[in-house]
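See below for work-v4.txt, which holds compact mmCIF, N, CA and C atoms.
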```
# COMPACT_ATOMS: atom_id res chain seq x y z
N MET E 41 -44.94 1.83 43.00
CA MET E 41 -43.57 1.56 42.61
C MET E 41 -42.73 2.82 42.74
N LYS E 42 -41.51 2.62 43.12
CA LYS E 42 -40.59 3.74 43.18
C LYS E 42 -39.93 3.92 41.83
N SER E 43 -39.53 5.14 41.53
CA SER E 43 -38.84 5.41 40.27
C SER E 43 -37.41 4.91 40.35
N GLY E 44 -36.90 4.42 39.24
CA GLY E 44 -35.53 3.97 39.16
C GLY E 44 -34.69 4.96 38.38
N ALA E 45 -33.62 4.48 37.77
CA ALA E 45 -32.73 5.33 37.00
C ALA E 45 -33.50 6.04 35.89
N GLY E 46 -33.36 7.34 35.81
CA GLY E 46 -34.01 8.11 34.75
C GLY E 46 -35.52 8.16 34.89
N GLY E 47 -36.05 7.86 36.08
CA GLY E 47 -37.48 7.92 36.29
C GLY E 47 -38.22 6.66 35.88
N ALA E 48 -37.51 5.65 35.43
CA ALA E 48 -38.15 4.41 35.00
C ALA E 48 -38.71 3.64 36.20
N THR E 49 -39.83 2.98 36.01
CA THR E 49 -40.41 2.20 37.09
C THR E 49 -40.41 0.71 36.76
N SER E 50 -39.79 0.33 35.67
CA SER E 50 -39.73 -1.08 35.34
C SER E 50 -38.33 -1.44 34.83
N LEU E 51 -38.07 -2.73 34.81
CA LEU E 51 -36.82 -3.25 34.31
C LEU E 51 -37.07 -3.87 32.94
N THR E 52 -36.12 -3.72 32.04
CA THR E 52 -36.19 -4.37 30.74
C THR E 52 -35.28 -5.59 30.80
N ILE E 53 -35.84 -6.74 30.43
CA ILE E 53 -35.13 -8.00 30.52
C ILE E 53 -34.97 -8.61 29.14
N SER E 54 -33.78 -9.04 28.83
CA SER E 54 -33.50 -9.79 27.61
C SER E 54 -32.72 -11.03 28.01
N ALA E 55 -33.06 -12.19 27.44
CA ALA E 55 -32.40 -13.42 27.84
C ALA E 55 -32.11 -14.31 26.65
N GLN E 56 -30.99 -15.01 26.72
CA GLN E 56 -30.59 -16.01 25.74
C GLN E 56 -30.09 -17.23 26.50
N SER E 57 -30.27 -18.40 25.90
CA SER E 57 -29.81 -19.62 26.58
C SER E 57 -28.88 -20.42 25.69
N SER E 58 -28.13 -21.29 26.33
CA SER E 58 -27.25 -22.23 25.66
C SER E 58 -27.23 -23.50 26.49
N ALA E 59 -27.32 -24.63 25.85
CA ALA E 59 -27.32 -25.89 26.58
C ALA E 59 -25.99 -26.12 27.30
N GLY E 60 -24.91 -25.56 26.80
CA GLY E 60 -23.61 -25.82 27.42
C GLY E 60 -23.36 -27.32 27.43
N ALA E 61 -23.05 -27.88 28.59
CA ALA E 61 -22.79 -29.32 28.71
C ALA E 61 -24.07 -30.12 28.97
N ALA E 62 -25.20 -29.42 29.15
CA ALA E 62 -26.47 -30.12 29.39
C ALA E 62 -26.89 -30.87 28.13
N ALA E 63 -27.27 -32.13 28.29
CA ALA E 63 -27.69 -32.95 27.16
C ALA E 63 -28.67 -34.00 27.65
N ASN E 64 -29.39 -34.59 26.73
CA ASN E 64 -30.36 -35.61 27.07
C ASN E 64 -29.73 -36.69 27.96
N GLY E 65 -30.35 -36.91 29.10
CA GLY E 65 -29.90 -37.97 30.00
C GLY E 65 -28.87 -37.56 31.04
N ASN E 66 -28.29 -36.37 30.93
CA ASN E 66 -27.32 -35.98 31.96
C ASN E 66 -27.89 -34.92 32.89
N THR E 67 -27.12 -34.53 33.89
CA THR E 67 -27.58 -33.55 34.88
C THR E 67 -26.67 -32.33 34.93
N HIS E 68 -25.92 -32.09 33.86
CA HIS E 68 -25.04 -30.92 33.82
C HIS E 68 -25.88 -29.64 33.68
N PRO E 69 -25.37 -28.51 34.19
CA PRO E 69 -26.15 -27.28 34.09
C PRO E 69 -26.18 -26.70 32.68
N ALA E 70 -27.26 -25.98 32.40
CA ALA E 70 -27.42 -25.22 31.17
C ALA E 70 -27.22 -23.74 31.50
N ASN E 71 -26.91 -22.95 30.50
CA ASN E 71 -26.55 -21.54 30.70
C ASN E 71 -27.65 -20.60 30.23
N ILE E 72 -27.86 -19.54 31.00
CA ILE E 72 -28.78 -18.48 30.62
C ILE E 72 -28.08 -17.14 30.86
N LEU E 73 -28.05 -16.31 29.84
CA LEU E 73 -27.53 -14.95 29.95
C LEU E 73 -28.72 -14.03 30.05
N VAL E 74 -28.77 -13.22 31.10
CA VAL E 74 -29.87 -12.28 31.30
C VAL E 74 -29.30 -10.87 31.33
N LEU E 75 -29.81 -10.01 30.45
CA LEU E 75 -29.43 -8.60 30.43
C LEU E 75 -30.54 -7.80 31.08
N VAL E 76 -30.18 -6.94 32.04
CA VAL E 76 -31.16 -6.16 32.78
C VAL E 76 -30.82 -4.68 32.65
N SER E 77 -31.82 -3.90 32.22
CA SER E 77 -31.63 -2.45 32.12
C SER E 77 -32.88 -1.73 32.60
N SER E 78 -32.71 -0.45 32.83
CA SER E 78 -33.81 0.41 33.23
C SER E 78 -33.64 1.73 32.50
N ASN E 79 -34.60 2.06 31.65
CA ASN E 79 -34.54 3.29 30.85
C ASN E 79 -33.25 3.37 30.03
N GLY E 80 -32.80 2.21 29.55
CA GLY E 80 -31.60 2.15 28.73
C GLY E 80 -30.29 2.02 29.50
N TRP E 81 -30.35 2.15 30.81
CA TRP E 81 -29.14 2.06 31.64
C TRP E 81 -29.01 0.67 32.22
N PRO E 82 -27.80 0.09 32.25
CA PRO E 82 -27.63 -1.24 32.83
C PRO E 82 -27.90 -1.22 34.33
N VAL E 83 -28.54 -2.27 34.80
CA VAL E 83 -28.78 -2.44 36.24
C VAL E 83 -27.72 -3.43 36.72
N THR E 84 -26.82 -2.96 37.57
CA THR E 84 -25.62 -3.73 37.89
C THR E 84 -25.55 -4.25 39.33
N ASP E 85 -26.58 -4.01 40.14
CA ASP E 85 -26.49 -4.32 41.57
C ASP E 85 -27.41 -5.46 42.02
N LEU E 86 -27.77 -6.36 41.12
CA LEU E 86 -28.68 -7.44 41.50
C LEU E 86 -27.92 -8.67 42.01
N THR E 87 -28.59 -9.44 42.82
CA THR E 87 -28.04 -10.69 43.35
C THR E 87 -28.93 -11.85 42.91
N LYS E 88 -28.51 -13.04 43.18
CA LYS E 88 -29.28 -14.24 42.82
C LYS E 88 -30.71 -14.16 43.37
N ASP E 89 -30.88 -13.58 44.54
CA ASP E 89 -32.20 -13.50 45.17
C ASP E 89 -33.18 -12.61 44.40
N HIS E 90 -32.69 -11.80 43.48
CA HIS E 90 -33.55 -10.93 42.68
C HIS E 90 -34.14 -11.64 41.45
N PHE E 91 -33.73 -12.89 41.20
CA PHE E 91 -34.14 -13.63 40.01
C PHE E 91 -35.03 -14.82 40.37
N THR E 92 -36.09 -14.99 39.61
CA THR E 92 -36.97 -16.15 39.73
C THR E 92 -37.11 -16.74 38.33
N ILE E 93 -36.96 -18.05 38.22
CA ILE E 93 -37.12 -18.72 36.94
C ILE E 93 -38.20 -19.78 37.08
N MET E 94 -39.16 -19.73 36.16
CA MET E 94 -40.26 -20.70 36.17
C MET E 94 -40.30 -21.40 34.81
N GLU E 95 -40.11 -22.73 34.81
CA GLU E 95 -40.22 -23.50 33.57
C GLU E 95 -41.67 -23.88 33.35
N TYR E 96 -42.14 -23.68 32.12
CA TYR E 96 -43.52 -23.98 31.77
C TYR E 96 -43.56 -25.05 30.69
N PHE E 97 -44.67 -25.74 30.60
CA PHE E 97 -44.91 -26.77 29.59
C PHE E 97 -43.96 -27.94 29.78
N GLU E 98 -44.51 -29.08 30.00
CA GLU E 98 -43.70 -30.27 30.23
C GLU E 98 -43.10 -30.79 28.94
N VAL E 99 -41.85 -31.17 29.00
CA VAL E 99 -41.17 -31.83 27.90
C VAL E 99 -41.36 -33.32 28.14
N PRO E 100 -41.81 -34.07 27.13
CA PRO E 100 -42.04 -35.51 27.33
C PRO E 100 -40.83 -36.21 27.94
N GLY E 101 -41.06 -36.94 29.00
CA GLY E 101 -40.00 -37.69 29.67
C GLY E 101 -39.26 -36.92 30.74
N GLN E 102 -39.44 -35.60 30.78
CA GLN E 102 -38.74 -34.80 31.79
C GLN E 102 -39.36 -35.09 33.15
N GLN E 103 -38.55 -35.49 34.11
CA GLN E 103 -39.04 -35.89 35.42
C GLN E 103 -39.27 -34.71 36.35
N ALA E 104 -38.53 -33.62 36.14
CA ALA E 104 -38.64 -32.46 37.02
C ALA E 104 -38.24 -31.20 36.26
N PRO E 105 -38.85 -30.05 36.59
CA PRO E 105 -38.48 -28.79 35.94
C PRO E 105 -37.19 -28.22 36.53
N PHE E 106 -36.68 -27.17 35.89
CA PHE E 106 -35.53 -26.47 36.48
C PHE E 106 -35.98 -25.19 37.19
N SER E 107 -37.29 -25.06 37.44
CA SER E 107 -37.83 -23.87 38.11
C SER E 107 -37.09 -23.57 39.40
N ASN E 108 -36.62 -22.33 39.51
CA ASN E 108 -35.94 -21.82 40.70
C ASN E 108 -34.78 -22.68 41.16
N ASN E 109 -34.13 -23.35 40.23
CA ASN E 109 -32.94 -24.13 40.57
C ASN E 109 -31.73 -23.51 39.87
N ILE E 110 -31.38 -22.30 40.31
CA ILE E 110 -30.20 -21.61 39.81
C ILE E 110 -29.01 -22.17 40.58
N THR E 111 -28.18 -22.95 39.89
CA THR E 111 -27.06 -23.62 40.57
C THR E 111 -25.79 -22.79 40.56
N SER E 112 -25.72 -21.80 39.67
CA SER E 112 -24.58 -20.90 39.63
C SER E 112 -25.08 -19.52 39.18
N PHE E 113 -24.52 -18.48 39.77
CA PHE E 113 -24.94 -17.11 39.47
C PHE E 113 -23.71 -16.23 39.43
N ARG E 114 -23.62 -15.40 38.40
CA ARG E 114 -22.50 -14.46 38.32
C ARG E 114 -22.99 -13.13 37.79
N ASN E 115 -22.71 -12.08 38.53
CA ASN E 115 -22.98 -10.71 38.11
C ASN E 115 -21.72 -10.21 37.42
N VAL E 116 -21.81 -9.95 36.12
CA VAL E 116 -20.65 -9.53 35.34
C VAL E 116 -20.31 -8.06 35.63
N GLY E 117 -21.29 -7.29 36.13
CA GLY E 117 -21.04 -5.90 36.48
C GLY E 117 -21.41 -4.91 35.39
N THR E 118 -22.00 -5.39 34.30
CA THR E 118 -22.36 -4.53 33.17
C THR E 118 -23.86 -4.59 32.88
N GLY E 119 -24.64 -5.15 33.80
CA GLY E 119 -26.05 -5.39 33.55
C GLY E 119 -26.30 -6.79 33.00
N ALA E 120 -25.23 -7.55 32.83
CA ALA E 120 -25.32 -8.94 32.37
C ALA E 120 -25.16 -9.87 33.56
N TYR E 121 -26.02 -10.88 33.57
CA TYR E 121 -26.00 -11.88 34.64
C TYR E 121 -25.95 -13.26 34.02
N LEU E 122 -25.03 -14.09 34.49
CA LEU E 122 -24.86 -15.44 33.98
C LEU E 122 -25.45 -16.41 35.00
N LEU E 123 -26.46 -17.14 34.56
CA LEU E 123 -27.13 -18.11 35.43
C LEU E 123 -26.94 -19.50 34.85
N GLN E 124 -26.77 -20.47 35.72
CA GLN E 124 -26.79 -21.86 35.30
C GLN E 124 -27.94 -22.53 36.03
N VAL E 125 -28.66 -23.37 35.30
CA VAL E 125 -29.82 -24.07 35.86
C VAL E 125 -29.74 -25.55 35.49
N LYS E 126 -30.40 -26.37 36.30
CA LYS E 126 -30.58 -27.78 35.97
C LYS E 126 -31.83 -28.27 36.68
N PRO E 127 -32.37 -29.39 36.22
CA PRO E 127 -33.61 -29.89 36.83
C PRO E 127 -33.44 -30.15 38.33
N ILE E 128 -34.54 -29.93 39.06
CA ILE E 128 -34.51 -30.15 40.50
C ILE E 128 -34.44 -31.65 40.81
N ASN E 129 -34.08 -31.96 42.02
CA ASN E 129 -34.04 -33.33 42.55
C ASN E 129 -33.08 -34.23 41.78
N GLY E 130 -32.09 -33.67 41.10
CA GLY E 130 -31.11 -34.48 40.39
C GLY E 130 -31.66 -35.19 39.17
N ALA E 131 -32.82 -34.77 38.69
CA ALA E 131 -33.43 -35.39 37.52
C ALA E 131 -32.59 -35.09 36.27
N PRO E 132 -32.54 -36.01 35.32
CA PRO E 132 -31.79 -35.77 34.09
C PRO E 132 -32.60 -34.90 33.11
N TRP E 133 -31.87 -34.24 32.23
CA TRP E 133 -32.49 -33.48 31.15
C TRP E 133 -33.11 -34.44 30.14
N ARG E 134 -34.11 -33.96 29.44
CA ARG E 134 -34.69 -34.68 28.32
C ARG E 134 -34.69 -33.77 27.09
N THR E 135 -34.50 -34.37 25.93
CA THR E 135 -34.48 -33.64 24.68
C THR E 135 -35.77 -32.86 24.49
N GLY E 136 -35.64 -31.61 24.10
CA GLY E 136 -36.82 -30.80 23.82
C GLY E 136 -36.56 -29.33 23.99
N HIS E 137 -37.63 -28.57 23.78
CA HIS E 137 -37.59 -27.12 23.94
C HIS E 137 -38.19 -26.80 25.31
N HIS E 138 -37.36 -26.36 26.22
CA HIS E 138 -37.78 -26.01 27.58
C HIS E 138 -38.04 -24.51 27.60
N LEU E 139 -39.26 -24.12 27.92
CA LEU E 139 -39.65 -22.70 27.93
C LEU E 139 -39.74 -22.20 29.36
N ALA E 140 -39.17 -21.02 29.59
CA ALA E 140 -39.16 -20.48 30.95
C ALA E 140 -39.43 -18.98 30.97
N GLN E 141 -39.99 -18.55 32.07
CA GLN E 141 -40.22 -17.14 32.36
C GLN E 141 -39.18 -16.72 33.38
N ILE E 142 -38.55 -15.57 33.14
CA ILE E 142 -37.58 -15.02 34.08
C ILE E 142 -38.18 -13.76 34.67
N LEU E 143 -38.32 -13.73 35.96
CA LEU E 143 -38.84 -12.57 36.69
C LEU E 143 -37.69 -11.95 37.47
N VAL E 144 -37.56 -10.63 37.36
CA VAL E 144 -36.49 -9.92 38.06
C VAL E 144 -37.11 -8.78 38.84
N SER E 145 -36.71 -8.64 40.09
CA SER E 145 -37.14 -7.51 40.91
C SER E 145 -35.92 -6.92 41.60
N SER E 146 -35.88 -5.61 41.68
CA SER E 146 -34.74 -4.94 42.31
C SER E 146 -35.10 -4.53 43.73
N ALA E 147 -34.09 -4.15 44.47
CA ALA E 147 -34.29 -3.74 45.87
C ALA E 147 -35.18 -2.50 45.98
N ASP E 148 -35.23 -1.67 44.92
CA ASP E 148 -36.05 -0.46 44.95
C ASP E 148 -37.41 -0.67 44.27
N ASP E 149 -37.88 -1.91 44.24
CA ASP E 149 -39.22 -2.29 43.77
C ASP E 149 -39.46 -2.17 42.27
N ARG E 150 -38.42 -2.06 41.46
CA ARG E 150 -38.61 -2.14 40.01
C ARG E 150 -38.71 -3.62 39.63
N GLN E 151 -39.50 -3.91 38.61
CA GLN E 151 -39.69 -5.29 38.20
C GLN E 151 -39.68 -5.40 36.69
N GLY E 152 -39.37 -6.60 36.22
CA GLY E 152 -39.41 -6.89 34.79
C GLY E 152 -39.48 -8.38 34.58
N GLN E 153 -39.80 -8.77 33.37
CA GLN E 153 -39.86 -10.19 33.06
C GLN E 153 -39.50 -10.43 31.60
N GLY E 154 -39.07 -11.63 31.33
CA GLY E 154 -38.72 -12.02 29.98
C GLY E 154 -38.90 -13.52 29.84
N ALA E 155 -38.73 -13.99 28.63
CA ALA E 155 -38.86 -15.41 28.35
C ALA E 155 -37.57 -15.93 27.73
N VAL E 156 -37.35 -17.22 27.91
CA VAL E 156 -36.18 -17.86 27.33
C VAL E 156 -36.57 -19.27 26.89
N LYS E 157 -36.00 -19.69 25.77
CA LYS E 157 -36.18 -21.07 25.29
C LYS E 157 -34.82 -21.75 25.35
N LEU E 158 -34.77 -22.85 26.08
CA LEU E 158 -33.57 -23.65 26.23
C LEU E 158 -33.77 -24.93 25.44
N ILE E 159 -32.91 -25.18 24.46
CA ILE E 159 -33.04 -26.37 23.63
C ILE E 159 -32.01 -27.40 24.10
N ILE E 160 -32.52 -28.54 24.52
CA ILE E 160 -31.67 -29.65 24.96
C ILE E 160 -31.72 -30.72 23.87
N ARG E 161 -30.56 -31.20 23.48
CA ARG E 161 -30.48 -32.27 22.46
C ARG E 161 -29.84 -33.49 23.04
```
Serialized structure, structure tokens:
Amino acid sequence: MKSGAGGATSLTISAQSSAGAAANGNTHPANILVLVSSNGWPVTDLTKDHFTIMEYFEVPGQQAPFSNNITSFRNVGTGAYLLQVKPINGAPWRTGHHLAQILVSSADDRQGQGAVKLIIR
């Protein structure tokens, strides 16, 4: 691995989710805020291609996961990234706790991961 800002070789990831307009039975996107830093400094140069999202554990009745289905991406420019996700293949959301792993890799080979719980009602 190559060293990043301040000699760090990894990324620190923090994530929070909000259902937004996503609800049981609809296909609206849910929101995930991802904060990315390296050695305490914000990482501000990432693109959608640097993010991988994997949903784990099936929610009863859920027809498809939202794994790698980032439907909207915004780099705020402060190390904060706003992602919207929804189930693949146009499947509707189902009520439950959707657990996901977020993997982030930068162009200079730094990597990090975090977890997020998305609650759909």
Could you state the separation of atom C of Val116 (chain E) and atom N of Glu95 (chain E) in Å, given to one decimal place?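 So the two atoms, atom C of Val116 (chain E) and atom N of Glu95 (chain E), lie 24.7 Å apart.
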Just how far from CA of Arg134 (chain E) is atom N of Gly65 (chain E), in Å to one decimal? 4.9 Å
Emit as JSON the padded axis-aligned box for all listed atoms of region 111-127 of chain E, 3 Å per side, with centre and edge lengths in Å to one decimal.
```
{"center_x": -27.0, "center_y": -17.3, "center_z": 36.5, "size_x": 19.3, "size_y": 31.6, "size_z": 14.2}
```
Excluding Ile53 (chain E) and any residue of its chain fewer than 6 positions from it, enumerate the residues within 10 Å of it, using only C-alpha atoms, and give them as a PDB file with N, CA and C atoms, in the coordinates of the input.
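Produced file result03.pdb, reproduced below:
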```pdb
ATOM      1  N   VAL E  74     -28.770 -13.220  31.100  1.00  0.00           N
ATOM      2  CA  VAL E  74     -29.870 -12.280  31.300  1.00  0.00           C
ATOM      3  C   VAL E  74     -29.300 -10.870  31.330  1.00  0.00           C
ATOM      4  N   LEU E  75     -29.810 -10.010  30.450  1.00  0.00           N
ATOM      5  CA  LEU E  75     -29.430  -8.600  30.430  1.00  0.00           C
ATOM      6  C   LEU E  75     -30.540  -7.800  31.080  1.00  0.00           C
ATOM      7  N   VAL E  76     -30.180  -6.940  32.040  1.00  0.00           N
ATOM      8  CA  VAL E  76     -31.160  -6.160  32.780  1.00  0.00           C
ATOM      9  C   VAL E  76     -30.820  -4.680  32.650  1.00  0.00           C
ATOM     10  N   SER E  77     -31.820  -3.900  32.220  1.00  0.00           N
ATOM     11  CA  SER E  77     -31.630  -2.450  32.120  1.00  0.00           C
ATOM     12  C   SER E  77     -32.880  -1.730  32.600  1.00  0.00           C
ATOM     13  N   SER E  78     -32.710  -0.450  32.830  1.00  0.00           N
ATOM     14  CA  SER E  78     -33.810   0.410  33.230  1.00  0.00           C
ATOM     15  C   SER E  78     -33.640   1.730  32.500  1.00  0.00           C
ATOM     16  N   GLY E 119     -24.640  -5.150  33.800  1.00  0.00           N
ATOM     17  CA  GLY E 119     -26.050  -5.390  33.550  1.00  0.00           C
ATOM     18  C   GLY E 119     -26.300  -6.790  33.000  1.00  0.00           C
ATOM     19  N   ILE E 142     -38.550 -15.570  33.140  1.00  0.00           N
ATOM     20  CA  ILE E 142     -37.580 -15.020  34.080  1.00  0.00           C
ATOM     21  C   ILE E 142     -38.180 -13.760  34.670  1.00  0.00           C
ATOM     22  N   LEU E 143     -38.320 -13.730  35.960  1.00  0.00           N
ATOM     23  CA  LEU E 143     -38.840 -12.570  36.690  1.00  0.00           C
ATOM     24  C   LEU E 143     -37.690 -11.950  37.470  1.00  0.00           C
ATOM     25  N   VAL E 144     -37.560 -10.630  37.360  1.00  0.00           N
ATOM     26  CA  VAL E 144     -36.490  -9.920  38.060  1.00  0.00           C
ATOM     27  C   VAL E 144     -37.110  -8.780  38.840  1.00  0.00           C
ATOM     28  N   GLN E 151     -39.500  -3.910  38.610  1.00  0.00           N
ATOM     29  CA  GLN E 151     -39.690  -5.290  38.200  1.00  0.00           C
ATOM     30  C   GLN E 151     -39.680  -5.400  36.690  1.00  0.00           C
ATOM     31  N   GLY E 152     -39.370  -6.600  36.220  1.00  0.00           N
ATOM     32  CA  GLY E 152     -39.410  -6.890  34.790  1.00  0.00           C
ATOM     33  C   GLY E 152     -39.480  -8.380  34.580  1.00  0.00           C
ATOM     34  N   GLN E 153     -39.800  -8.770  33.370  1.00  0.00           N
ATOM     35  CA  GLN E 153     -39.860 -10.190  33.060  1.00  0.00           C
ATOM     36  C   GLN E 153     -39.500 -10.430  31.600  1.00  0.00           C
ATOM     37  N   GLY E 154     -39.070 -11.630  31.330  1.00  0.00           N
ATOM     38  CA  GLY E 154     -38.720 -12.020  29.980  1.00  0.00           C
ATOM     39  C   GLY E 154     -38.900 -13.520  29.840  1.00  0.00           C
ATOM     40  N   ALA E 155     -38.730 -13.990  28.630  1.00  0.00           N
ATOM     41  CA  ALA E 155     -38.860 -15.410  28.350  1.00  0.00           C
ATOM     42  C   ALA E 155     -37.570 -15.930  27.730  1.00  0.00           C
TER      43      ALA E 155
END
```
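At a cut-off of 7 Å from (-30.9, -24.1, 26.3), the residue set is Gln56, Ser57, Ser58, Ala59, Gly60, Ala70, Asn71, His138, Lys157, Leu158, Ile159 and Ile160 of chain E (counting all atoms listed in the file).
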